[in-house]
>>> print(open('input.tsv').read())   # TSV, C-alpha atoms and all ligand atoms
chain	number	residue	atom	x	y	z
A	143	MET	CA	0.00	0.00	0.00
A	144	ASP	CA	1.28	3.44	-0.88
A	145	ILE	CA	1.37	5.86	2.05
A	146	LEU	CA	0.40	8.96	0.04
A	147	GLU	CA	-2.54	7.12	-1.53
A	148	ILE	CA	-3.75	5.97	1.90
A	149	MET	CA	-3.49	9.54	3.24
A	150	GLN	CA	-5.43	10.90	0.28
A	151	ALA	CA	-8.14	8.27	0.73
A	152	LEU	CA	-8.45	8.80	4.50
A	153	ASN	CA	-8.34	12.60	4.31
A	154	ALA	CA	-11.13	12.59	1.73
A	155	CYS	CA	-13.29	11.19	4.55
A	156	HIS	CA	-15.02	13.32	7.15
A	157	GLY	CA	-13.64	12.25	10.52
A	158	PRO	CA	-13.58	14.76	13.36
A	159	SER	CA	-13.87	13.22	16.85
A	160	GLY	CA	-17.24	11.52	17.23
A	161	ASN	CA	-17.81	11.34	13.45
A	162	GLU	CA	-15.25	8.75	12.40
A	163	GLY	CA	-17.62	6.48	10.44
A	164	GLN	CA	-16.35	7.34	6.96
A	165	VAL	CA	-12.74	6.82	8.00
A	166	ALA	CA	-13.63	3.49	9.62
A	167	ALA	CA	-15.39	2.32	6.45
A	168	ALA	CA	-12.35	3.18	4.32
A	169	ILE	CA	-9.95	1.42	6.72
A	170	ARG	CA	-12.20	-1.66	6.96
A	171	THR	CA	-11.90	-2.13	3.19
A	172	LEU	CA	-8.11	-1.68	3.23
A	173	ALA	CA	-7.56	-3.96	6.26
A	174	ALA	CA	-9.88	-6.81	5.26
A	175	PRO	CA	-7.32	-8.86	3.27
A	176	TYR	CA	-4.85	-8.97	6.17
A	177	VAL	CA	-6.86	-9.91	9.25
A	178	ASP	CA	-9.22	-12.67	10.39
A	179	GLU	CA	-12.03	-10.61	11.85
A	180	ILE	CA	-13.12	-6.95	11.96
A	181	THR	CA	-15.59	-5.64	14.52
A	182	THR	CA	-16.84	-2.26	15.68
A	183	ASP	CA	-17.68	-1.46	19.30
A	184	ALA	CA	-20.36	0.88	20.66
A	185	LEU	CA	-18.16	4.00	20.49
A	186	GLY	CA	-17.09	3.22	16.92
A	187	ASN	CA	-13.60	1.80	17.43
A	188	LEU	CA	-12.66	-0.43	14.47
A	189	ILE	CA	-11.04	-3.58	15.85
A	190	CYS	CA	-9.05	-5.71	13.39
A	191	HIS	CA	-8.04	-9.08	14.85
A	192	LYS	CA	-5.30	-11.34	13.49
A	193	GLN	CA	-5.42	-14.50	15.57
A	194	GLY	CA	-2.40	-15.98	17.27
A	195	THR	CA	-1.71	-18.18	20.28
A	196	GLY	CA	0.83	-15.90	22.01
A	197	PRO	CA	0.31	-12.84	24.20
A	198	ARG	CA	-2.44	-10.43	23.24
A	199	VAL	CA	-1.04	-7.25	21.69
A	200	MET	CA	-3.13	-4.15	21.00
A	201	PHE	CA	-1.87	-1.55	18.54
A	202	ALA	CA	-3.83	1.71	18.51
A	203	ALA	CA	-3.99	4.49	15.93
A	204	HIS	CA	-6.69	7.10	16.24
A	205	MET	CA	-9.00	7.77	13.29
A	206	ASP	CA	-10.42	11.04	14.54
A	207	SER	CA	-9.08	14.46	13.69
A	208	ILE	CA	-9.46	17.84	15.32
A	209	GLY	CA	-12.12	20.06	13.77
A	210	PHE	CA	-14.78	22.73	14.11
A	211	ILE	CA	-18.35	22.47	15.43
A	212	ILE	CA	-20.85	25.15	14.46
A	213	THR	CA	-22.45	26.96	17.40
A	214	HIS	CA	-24.10	29.99	15.76
A	215	ILE	CA	-25.15	31.25	12.32
A	216	ASP	CA	-25.40	35.04	12.20
A	217	GLU	CA	-27.77	37.26	10.20
A	218	HIS	CA	-25.21	37.63	7.38
A	219	GLY	CA	-24.68	33.88	7.10
A	220	TYR	CA	-21.31	33.75	8.85
A	221	LEU	CA	-20.68	30.78	11.14
A	222	ARG	CA	-19.21	30.83	14.63
A	223	PHE	CA	-17.69	27.63	15.94
A	224	GLY	CA	-16.33	25.75	18.89
A	225	GLN	CA	-13.34	23.45	18.74
A	226	VAL	CA	-13.35	19.65	18.56
A	227	GLY	CA	-9.96	18.84	20.07
A	228	GLY	CA	-7.23	21.47	20.21
A	229	LEU	CA	-7.34	24.37	17.74
A	230	SER	CA	-5.13	27.45	17.99
A	231	ALA	CA	-6.56	30.75	16.68
A	232	HIS	CA	-3.20	31.76	15.20
A	233	ASP	CA	-3.08	28.76	12.86
A	234	LEU	CA	-6.49	29.15	11.31
A	235	PRO	CA	-7.22	32.38	9.38
A	236	GLY	CA	-7.13	31.68	5.64
A	237	THR	CA	-7.65	27.94	6.06
A	238	PRO	CA	-10.14	26.23	3.73
A	239	VAL	CA	-12.60	23.93	5.51
A	240	ARG	CA	-15.11	21.29	4.45
A	241	PHE	CA	-18.33	19.99	6.02
A	242	ARG	CA	-19.56	16.42	5.83
A	243	ASN	CA	-22.16	17.35	3.19
A	244	GLY	CA	-19.48	18.86	0.96
A	245	THR	CA	-20.13	22.52	1.83
A	246	ARG	CA	-16.84	24.41	1.71
A	247	GLY	CA	-15.66	27.66	3.24
A	248	VAL	CA	-12.74	29.52	4.74
A	249	VAL	CA	-11.81	30.61	8.25
A	250	ALA	CA	-11.52	34.40	8.62
A	251	VAL	CA	-10.80	36.78	11.47
A	252	GLN	CA	-13.08	39.65	12.43
A	253	GLY	CA	-11.72	43.18	12.02
A	254	LYS	CA	-9.62	45.32	14.36
A	255	VAL	CA	-8.17	42.59	16.57
A	256	GLU	CA	-4.38	42.58	16.82
A	257	PRO	CA	-2.93	39.21	15.74
A	258	LYS	CA	-1.32	38.78	19.16
A	259	ASP	CA	-4.79	38.97	20.72
A	260	TRP	CA	-6.49	36.51	18.37
A	261	LYS	CA	-8.72	33.99	20.12
A	262	LEU	CA	-11.09	31.44	18.60
A	263	ASP	CA	-13.94	33.82	19.50
A	264	HIS	CA	-12.59	36.32	16.93
A	265	LEU	CA	-12.78	33.83	14.08
A	266	TYR	CA	-15.68	32.80	11.87
A	267	ILE	CA	-16.27	30.59	8.83
A	268	ASP	CA	-17.47	32.13	5.56
A	269	ILE	CA	-19.34	29.57	3.41
A	270	GLY	CA	-20.39	32.07	0.76
A	271	ALA	CA	-24.02	32.27	1.92
A	272	LYS	CA	-25.83	35.52	1.11
A	273	ASP	CA	-27.66	35.58	4.43
A	274	GLN	CA	-28.67	33.50	7.45
A	275	ALA	CA	-31.52	31.77	5.64
A	276	GLU	CA	-29.29	30.58	2.84
A	277	ALA	CA	-26.56	29.53	5.30
A	278	LYS	CA	-29.09	27.38	7.18
A	279	THR	CA	-29.83	25.46	3.98
A	280	MET	CA	-26.10	24.63	3.77
A	281	VAL	CA	-25.02	24.01	7.37
A	282	GLN	CA	-26.79	23.52	10.70
A	283	VAL	CA	-25.75	24.26	14.25
A	284	GLY	CA	-23.95	21.13	15.47
A	285	ASP	CA	-22.46	20.28	12.08
A	286	THR	CA	-18.71	19.74	12.03
A	287	ALA	CA	-16.01	20.84	9.60
A	288	VAL	CA	-12.42	19.76	8.94
A	289	PHE	CA	-9.38	21.27	7.21
A	290	ASP	CA	-9.76	21.01	3.43
A	291	THR	CA	-6.07	21.09	2.52
A	292	THR	CA	-4.33	18.72	0.09
A	293	PRO	CA	-1.46	16.28	0.81
A	294	PHE	CA	1.74	16.36	-1.27
A	295	VAL	CA	5.34	15.18	-1.12
A	296	SER	CA	8.33	17.55	-1.37
A	297	GLY	CA	11.85	16.27	-0.87
A	298	ARG	CA	11.59	13.34	1.55
A	299	LYS	CA	8.81	15.07	3.47
A	300	LEU	CA	5.09	14.39	3.40
A	301	PHE	CA	2.92	17.49	3.81
A	302	SER	CA	-0.64	16.72	4.82
A	303	PRO	CA	-3.51	17.73	7.05
A	304	TYR	CA	-4.20	15.21	9.77
A	305	LEU	CA	-0.95	13.29	9.79
A	306	ASP	CA	-2.23	13.29	13.39
A	307	ASP	CA	-3.21	10.55	13.28
A	308	ARG	CA	-4.10	9.20	9.86
A	309	ILE	CA	-0.40	8.58	9.26
A	310	ALA	CA	-0.52	6.06	12.10
A	311	CYS	CA	-3.60	4.44	10.53
A	312	ALA	CA	-1.51	4.10	7.35
A	313	ILE	CA	1.41	2.70	9.39
A	314	LEU	CA	-0.80	0.01	11.00
A	315	LEU	CA	-2.28	-0.93	7.61
A	316	SER	CA	1.19	-1.19	6.05
A	317	ALA	CA	2.52	-3.20	9.02
A	318	MET	CA	-0.42	-5.63	8.83
A	319	GLU	CA	0.39	-6.25	5.20
A	320	ARG	CA	3.96	-7.28	6.16
A	321	ILE	CA	3.18	-9.68	8.99
A	322	LYS	CA	4.01	-13.18	7.88
A	323	HIS	CA	3.64	-15.21	11.07
A	324	ALA	CA	1.31	-14.08	13.79
A	325	GLY	CA	2.54	-15.88	16.88
A	326	ASN	CA	1.08	-13.14	19.04
A	327	ASP	CA	-2.67	-12.55	19.21
A	328	LEU	CA	-2.84	-9.23	17.36
A	329	TYR	CA	-5.44	-6.50	17.62
A	330	PHE	CA	-5.05	-3.48	15.35
A	331	VAL	CA	-7.44	-0.93	16.77
A	332	PHE	CA	-8.39	2.22	14.91
A	333	THR	CA	-9.69	4.30	17.77
A	334	VAL	CA	-12.21	7.12	18.05
A	335	GLN	CA	-12.25	10.35	20.06
A	336	GLU	CA	-8.56	10.48	20.97
A	337	GLU	CA	-8.42	14.23	20.45
A	338	VAL	CA	-11.08	14.88	23.07
A	339	GLY	CA	-9.53	12.70	25.78
A	340	LEU	CA	-8.40	9.23	24.66
A	341	ARG	CA	-11.99	8.04	24.96
A	342	GLY	CA	-12.09	5.29	22.33
A	343	ALA	CA	-8.82	3.69	23.42
A	344	ARG	CA	-10.18	3.43	26.96
A	345	THR	CA	-13.17	1.29	26.00
A	346	ALA	CA	-11.25	-0.69	23.37
A	347	ALA	CA	-8.51	-1.61	25.84
A	348	TYR	CA	-11.09	-2.66	28.41
A	349	GLY	CA	-12.85	-4.87	25.86
A	350	ILE	CA	-9.71	-6.48	24.45
A	351	ALA	CA	-7.82	-6.79	27.74
A	352	PRO	CA	-4.39	-6.83	26.06
A	353	ASP	CA	-1.13	-8.01	27.61
A	354	TYR	CA	0.76	-5.35	25.66
A	355	GLY	CA	-0.30	-2.00	24.20
A	356	ILE	CA	1.43	0.13	21.59
A	357	ALA	CA	0.01	3.52	20.59
A	358	VAL	CA	1.15	4.79	17.20
A	359	ASP	CA	0.84	8.54	16.83
A	360	VAL	CA	2.66	11.72	15.91
A	361	THR	CA	4.95	13.55	18.29
A	362	ASP	CA	6.29	17.09	17.97
A	363	SER	CA	9.51	17.66	16.04
A	364	ASP	CA	12.26	19.68	17.70
A	365	ASP	CA	13.82	20.94	14.46
A	366	ILE	CA	11.84	24.05	13.57
A	367	PRO	CA	13.52	27.48	13.76
A	368	ASP	CA	13.86	28.58	17.38
A	369	ALA	CA	12.63	25.17	18.55
A	370	PRO	CA	11.85	25.41	22.26
A	371	HIS	CA	13.34	21.98	23.13
A	372	GLU	CA	10.18	20.82	24.87
A	373	CYS	CA	10.53	17.52	23.05
A	374	SER	CA	13.33	15.25	21.95
A	375	SER	CA	12.40	13.88	18.54
A	376	VAL	CA	13.42	15.29	15.18
A	377	ALA	CA	11.91	14.63	11.74
A	378	GLY	CA	14.29	12.44	9.71
A	379	LYS	CA	16.02	10.74	12.66
A	380	GLY	CA	13.96	7.54	12.65
A	381	ALA	CA	11.04	5.95	14.47
A	382	ALA	CA	10.44	7.78	17.76
A	383	ILE	CA	10.19	5.29	20.63
A	384	LYS	CA	8.13	6.91	23.33
A	385	VAL	CA	9.60	7.14	26.82
A	386	MET	CA	7.22	9.68	28.35
A	387	ASP	CA	4.65	12.36	27.65
A	388	SER	CA	2.07	13.92	29.95
A	389	SER	CA	-0.29	10.93	29.57
A	390	VAL	CA	2.10	8.01	30.10
A	391	ILE	CA	5.45	6.83	31.37
A	392	CYS	CA	6.09	3.89	29.09
A	393	HIS	CA	6.96	0.56	30.66
A	394	PRO	CA	10.78	0.24	30.59
A	395	ALA	CA	10.55	-3.36	29.33
A	396	VAL	CA	8.48	-2.26	26.33
A	397	VAL	CA	10.87	0.63	25.58
A	398	LYS	CA	13.77	-1.82	25.74
A	399	THR	CA	12.06	-4.38	23.52
A	400	LEU	CA	11.37	-1.71	20.89
A	401	GLU	CA	14.97	-0.44	21.05
A	402	ASP	CA	16.38	-3.98	20.83
A	403	LEU	CA	14.18	-4.78	17.82
A	404	ALA	CA	15.21	-1.55	16.08
A	405	GLN	CA	18.91	-2.26	16.69
A	406	ALA	CA	18.66	-5.88	15.55
A	407	ARG	CA	16.90	-4.91	12.33
A	408	ASN	CA	18.84	-1.72	11.55
A	409	ILE	CA	15.72	0.38	11.88
A	410	PRO	CA	16.69	4.01	12.62
A	411	TYR	CA	15.16	5.13	15.91
A	412	GLN	CA	15.29	7.87	18.53
A	413	ARG	CA	13.96	8.22	22.06
A	414	ASP	CA	10.83	10.31	22.34
A	415	ILE	CA	10.13	12.51	25.33
A	416	LEU	CA	7.40	15.14	25.07
A	417	ARG	CA	6.89	17.59	27.95
A	418	PHE	CA	3.21	17.96	27.07
A	419	GLY	CA	0.54	16.13	25.08
A	420	GLY	CA	-0.63	12.56	25.19
A	421	THR	CA	-1.65	9.59	23.10
A	422	ASP	CA	-3.86	6.53	23.39
A	423	ALA	CA	-1.02	4.97	25.41
A	424	GLY	CA	-2.27	7.11	28.30
A	425	ALA	CA	-5.59	5.28	28.37
A	426	ILE	CA	-4.33	1.81	27.47
A	427	HIS	CA	-1.70	1.48	30.20
A	428	GLN	CA	-4.26	2.26	32.93
A	429	SER	CA	-6.83	-0.23	31.68
A	430	ARG	CA	-8.04	-2.93	34.12
A	431	SER	CA	-5.08	-3.90	36.32
A	432	GLY	CA	-2.54	-2.25	33.99
A	433	VAL	CA	-1.05	-3.02	30.59
A	434	TYR	CA	2.60	-3.13	29.49
A	435	THR	CA	2.49	-0.13	27.18
A	436	GLY	CA	4.74	1.79	24.83
A	437	GLY	CA	4.49	4.10	21.86
A	438	ILE	CA	5.86	4.41	18.36
A	439	SER	CA	5.70	7.96	17.02
A	440	VAL	CA	6.40	9.96	13.89
A	441	ALA	CA	8.20	13.24	14.59
A	442	THR	CA	5.92	15.81	12.98
A	443	ARG	CA	6.23	19.55	12.48
A	444	TYR	CA	3.26	21.90	12.99
A	445	VAL	CA	1.03	19.35	14.78
A	446	HIS	CA	-2.63	20.46	14.91
A	447	THR	CA	-2.18	23.04	12.12
A	448	PRO	CA	-3.79	22.74	8.66
A	449	MET	CA	-0.58	21.32	7.17
A	450	GLU	CA	1.60	18.93	9.18
A	451	VAL	CA	5.00	17.73	7.92
A	452	ALA	CA	6.73	14.39	8.52
A	453	ASP	CA	9.61	12.44	6.98
A	454	LEU	CA	8.87	9.52	4.66
A	455	ASP	CA	11.86	7.52	5.92
A	456	ASP	CA	10.66	7.93	9.53
A	457	ILE	CA	7.26	6.65	8.45
A	458	GLU	CA	8.89	3.58	6.86
A	459	ALA	CA	10.91	3.03	10.07
A	460	CYS	CA	7.67	3.12	12.08
A	461	VAL	CA	6.07	0.54	9.76
A	462	ALA	CA	9.11	-1.73	10.14
A	463	LEU	CA	9.18	-1.35	13.92
A	464	THR	CA	5.43	-1.96	14.28
A	465	ALA	CA	5.68	-5.13	12.19
A	466	ALA	CA	8.74	-6.23	14.21
A	467	PHE	CA	6.96	-5.81	17.56
A	468	ALA	CA	3.89	-7.62	16.24
A	469	GLN	CA	6.05	-10.63	15.37
A	470	ALA	CA	8.42	-10.43	18.37
A	471	LYS	CA	8.68	-13.18	20.95
A	472	LEU	CA	6.97	-11.56	23.94
A	473	GLU	CA	6.55	-12.93	27.43
A	474	ALA	CA	2.98	-13.64	28.40
B	501	ZN	ZN	-2.73	12.08	17.69
>>> encode(input="input.tsv", output="structure tokens", more="lines below")
Ligand SMILES: [Zn+2]
Amino acid sequence: MDILEIMQALNACHGPSGNEGQVAAAIRTLAAPYVDEITTDALGNLICHKQGTGPRVMFAAHMDSIGFIITHIDEHGYLRFGQVGGLSAHDLPGTPVRFRNGTRGVVAVQGKVEPKDWKLDHLYIDIGAKDQAEAKTMVQVGDTAVFDTTPFVSGRKLFSPYLDDRIACAILLSAMERIKHAGNDLYFVFTVQEEVGLRGARTAAYGIAPDYGIAVDVTDSDDIPDAPHECSSVAGKGAAIKVMDSSVICHPAVVKTLEDLAQARNIPYQRDILRFGGTDAGAIHQSRSGVYTGGISVATRYVHTPMEVADLDDIEACVALTAAFAQAKLEA
């Protein structure tokens, strides 16, 4: 499977937190040849099971994206919105957006507010409606919108909206394709509602009761100009093996297993520490009486903006490391 093609297919879907159905349908089709059984739970998590007799391993990649939810339509047909997940006002003006029904628009900022003072309350979405009545035929209060930007490759970098976390969905799909012998009992879980508090991973982990958990996600990249060094990973330096973020301290045995596998297979890797943020690992490791949990991350620039940037060779390293862990001899 080609990573860019998967990203294009998944980003054509509407999938803000709580509305992941289109993404799940697309992934179900792509995953079907590689697993024994695919189920969906009450929250909408897509659970792809490849049977094995060894320890139960749960990989998680979240399908949901951040987005906008319409709260008010004014007399001129402009839309005010709340955030689904974390949006920053400074990243948004000028960004094209798309609703589930295909309605398109752009985020704009109301007049006379200094850029340094921009808050989400100063922004609105213009969908080209001539007035409130016309706007209400196009969009309703409670509808959601997502970034409508287009993925491309330049150099060895992939530019795309929603690398967080569709790139991890693509990594799990590509890893599944490579698994030859499934000694471990493998669950590839495409989770919902990560961006609003790791909600899908919590119920999925409870239902599956894994022995091991690996969350695959993006992590910030410390290589932008004037990088604040709040994180350790850098785009282009290999698969980022999570040690800690604000949601999890990864189990040292899982960190070591991932590092040993990377060394043995010549997979480039780096240790990932993030002084903020979290991933599905935060929910998985606290499930039931605890789960041996780690994380594999893609160092990504501009996380949660309309265009995120990651390195294609890092993505390949993450696929290789995910497939290696899936096939590793693990203690029950
Ligand atoms: Zn994420």
>>> closest_atom_pairs(input="input.tsv", of="chain A", to="ligand ZN 501 (chain B)", cutoff="9 Å", atoms="only C-alpha atoms and all ligand atoms", output="JSON lines")
{"residue": "A:Ala203", "atom": "CA", "partner": "B:ZN501", "partner_atom": "ZN", "distance": 7.9}
{"residue": "A:His204", "atom": "CA", "partner": "B:ZN501", "partner_atom": "ZN", "distance": 6.5}
{"residue": "A:Met205", "atom": "CA", "partner": "B:ZN501", "partner_atom": "ZN", "distance": 8.8}
{"residue": "A:Asp206", "atom": "CA", "partner": "B:ZN501", "partner_atom": "ZN", "distance": 8.4}
{"residue": "A:Ser207", "atom": "CA", "partner": "B:ZN501", "partner_atom": "ZN", "distance": 7.9}
{"residue": "A:Tyr304", "atom": "CA", "partner": "B:ZN501", "partner_atom": "ZN", "distance": 8.6}
{"residue": "A:Leu305", "atom": "CA", "partner": "B:ZN501", "partner_atom": "ZN", "distance": 8.2}
{"residue": "A:Asp306", "atom": "CA", "partner": "B:ZN501", "partner_atom": "ZN", "distance": 4.5}
{"residue": "A:Asp307", "atom": "CA", "partner": "B:ZN501", "partner_atom": "ZN", "distance": 4.7}
{"residue": "A:Arg308", "atom": "CA", "partner": "B:ZN501", "partner_atom": "ZN", "distance": 8.5}
{"residue": "A:Ala310", "atom": "CA", "partner": "B:ZN501", "partner_atom": "ZN", "distance": 8.5}
{"residue": "A:Glu336", "atom": "CA", "partner": "B:ZN501", "partner_atom": "ZN", "distance": 6.9}
{"residue": "A:Glu337", "atom": "CA", "partner": "B:ZN501", "partner_atom": "ZN", "distance": 6.7}
{"residue": "A:Val358", "atom": "CA", "partner": "B:ZN501", "partner_atom": "ZN", "distance": 8.3}
{"residue": "A:Asp359", "atom": "CA", "partner": "B:ZN501", "partner_atom": "ZN", "distance": 5.1}
{"residue": "A:Val360", "atom": "CA", "partner": "B:ZN501", "partner_atom": "ZN", "distance": 5.7}
{"residue": "A:Thr361", "atom": "CA", "partner": "B:ZN501", "partner_atom": "ZN", "distance": 7.8}
{"residue": "A:Gly420", "atom": "CA", "partner": "B:ZN501", "partner_atom": "ZN", "distance": 7.8}
{"residue": "A:Thr421", "atom": "CA", "partner": "B:ZN501", "partner_atom": "ZN", "distance": 6.1}
{"residue": "A:Asp422", "atom": "CA", "partner": "B:ZN501", "partner_atom": "ZN", "distance": 8.0}
{"residue": "A:Val445", "atom": "CA", "partner": "B:ZN501", "partner_atom": "ZN", "distance": 8.7}
{"residue": "A:His446", "atom": "CA", "partner": "B:ZN501", "partner_atom": "ZN", "distance": 8.8}
>>> closest_atom_pairs(input="input.tsv", of="segment 253-350 of chain A", to="segment 143-150 of chain A", cutoff="7 Å", atoms="only C-alpha atoms", output="tab-separated table")
residue	atom	partner	partner_atom	distance
A:Pro293	CA	A:Gln150	CA	6.7
A:Arg308	CA	A:Met149	CA	6.7
A:Ile309	CA	A:Met149	CA	6.8
A:Ala312	CA	A:Ile148	CA	6.2
A:Ser316	CA	A:Met143	CA	6.3
>>> closest_residue(input="input.tsv", among="A:Ser302, A:Thr399, A:Ser388, A:Ile211", to="Ile415 of chain A", atoms="all atoms listed in the file")
A:Ser388
>>> closest_residue(input="input.tsv", among="A:Asp290, A:Glu458, A:Asp453, A:Asp368", to="Gly209 of chain A", atoms="all atoms listed in the file")
A:Asp290
>>> residues_around(input="input.tsv", residues="Gly163 of chain A", least_positions_apart="4", cutoff="12 Å", atoms="only C-alpha atoms", output="NGL selection string")
:A and (152 or 155-159 or 167-170 or 182-188 or 205-206 or 242 or 332-335)
>>> write_last_selection(input="input.tsv", atoms="C-alpha atoms", output="PDB file, in the coordinates of the input")
ATOM      1  CA  LEU A 152      -8.450   8.800   4.500  1.00  0.00           C
ATOM      2  CA  CYS A 155     -13.290  11.190   4.550  1.00  0.00           C
ATOM      3  CA  HIS A 156     -15.020  13.320   7.150  1.00  0.00           C
ATOM      4  CA  GLY A 157     -13.640  12.250  10.520  1.00  0.00           C
ATOM      5  CA  PRO A 158     -13.580  14.760  13.360  1.00  0.00           C
ATOM      6  CA  SER A 159     -13.870  13.220  16.850  1.00  0.00           C
ATOM      7  CA  ALA A 167     -15.390   2.320   6.450  1.00  0.00           C
ATOM      8  CA  ALA A 168     -12.350   3.180   4.320  1.00  0.00           C
ATOM      9  CA  ILE A 169      -9.950   1.420   6.720  1.00  0.00           C
ATOM     10  CA  ARG A 170     -12.200  -1.660   6.960  1.00  0.00           C
ATOM     11  CA  THR A 182     -16.840  -2.260  15.680  1.00  0.00           C
ATOM     12  CA  ASP A 183     -17.680  -1.460  19.300  1.00  0.00           C
ATOM     13  CA  ALA A 184     -20.360   0.880  20.660  1.00  0.00           C
ATOM     14  CA  LEU A 185     -18.160   4.000  20.490  1.00  0.00           C
ATOM     15  CA  GLY A 186     -17.090   3.220  16.920  1.00  0.00           C
ATOM     16  CA  ASN A 187     -13.600   1.800  17.430  1.00  0.00           C
ATOM     17  CA  LEU A 188     -12.660  -0.430  14.470  1.00  0.00           C
ATOM     18  CA  MET A 205      -9.000   7.770  13.290  1.00  0.00           C
ATOM     19  CA  ASP A 206     -10.420  11.040  14.540  1.00  0.00           C
ATOM     20  CA  ARG A 242     -19.560  16.420   5.830  1.00  0.00           C
ATOM     21  CA  PHE A 332      -8.390   2.220  14.910  1.00  0.00           C
ATOM     22  CA  THR A 333      -9.690   4.300  17.770  1.00  0.00           C
ATOM     23  CA  VAL A 334     -12.210   7.120  18.050  1.00  0.00           C
ATOM     24  CA  GLN A 335     -12.250  10.350  20.060  1.00  0.00           C
TER      25      GLN A 335
END
>>> closest_atom_pairs(input="input.tsv", of="segment 313-361 of chain A", to="segment 425-429 of chain A", cutoff="8 Å", atoms="all atoms listed in the file", output="Markdown table")
| residue | atom | partner | partner_atom | distance |
| --- | --- | --- | --- | --- |
| A:Leu340 | CA | A:Ala425 | CA | 6.1 |
| A:Arg341 | CA | A:Ala425 | CA | 7.8 |
| A:Ala343 | CA | A:Ala425 | CA | 6.1 |
| A:Arg344 | CA | A:Ala425 | CA | 5.1 |
| A:Ala347 | CA | A:Ile426 | CA | 5.6 |
| A:Tyr348 | CA | A:Ser429 | CA | 5.9 |
| A:Ala351 | CA | A:Ser429 | CA | 7.7 |
| A:Gly355 | CA | A:Ile426 | CA | 6.4 |
>>> atom_distance(input="input.tsv", atom1="atom CA of Gly270 of chain A", atom2="atom CA of Val249 of chain A")
11.5 Å
>>> atom_distance(input="input.tsv", atom1="atom CA of Gln164 of chain A", atom2="atom CA of Arg222 of chain A")
24.9 Å
>>> atom_distance(input="input.tsv", atom1="atom CA of Phe467 of chain A", atom2="atom CA of Val433 of chain A")
15.5 Å
>>> residues_around(input="input.tsv", residues="Leu262 of chain A", least_positions_apart="6", cutoff="9 Å", atoms="only C-alpha atoms", output="JSON, numbers by chain")
{"A": [223, 224, 225, 229, 230, 231, 232, 234, 251]}
>>> closest_residue(input="input.tsv", among="A:Val165, A:Val248, A:Ala382, A:Ile269", to="Gly436 of chain A", atoms="all atoms listed in the file")
A:Ala382
>>> residues_around(input="input.tsv", residues="Asn326 of chain A", least_positions_apart="4", cutoff="8 Å", atoms="all atoms listed in the file", output="PyMOL selection string")
chain A and resi 193-199+468-472
>>> axis_aligned_box(input="input.tsv", around="segment 147-154 of chain A", padding_each_side="5 Å", output="lines of an AutoDock Vina configuration file")
center_x = -6.8
center_y = 9.3
center_z = 1.5
size_x = 18.6
size_y = 16.6
size_z = 16.0
>>> closest_residue(input="input.tsv", among="A:Glu179, A:Asp233, A:Asp273, A:Glu217", to="Met449 of chain A", atoms="all atoms listed in the file")
A:Asp233
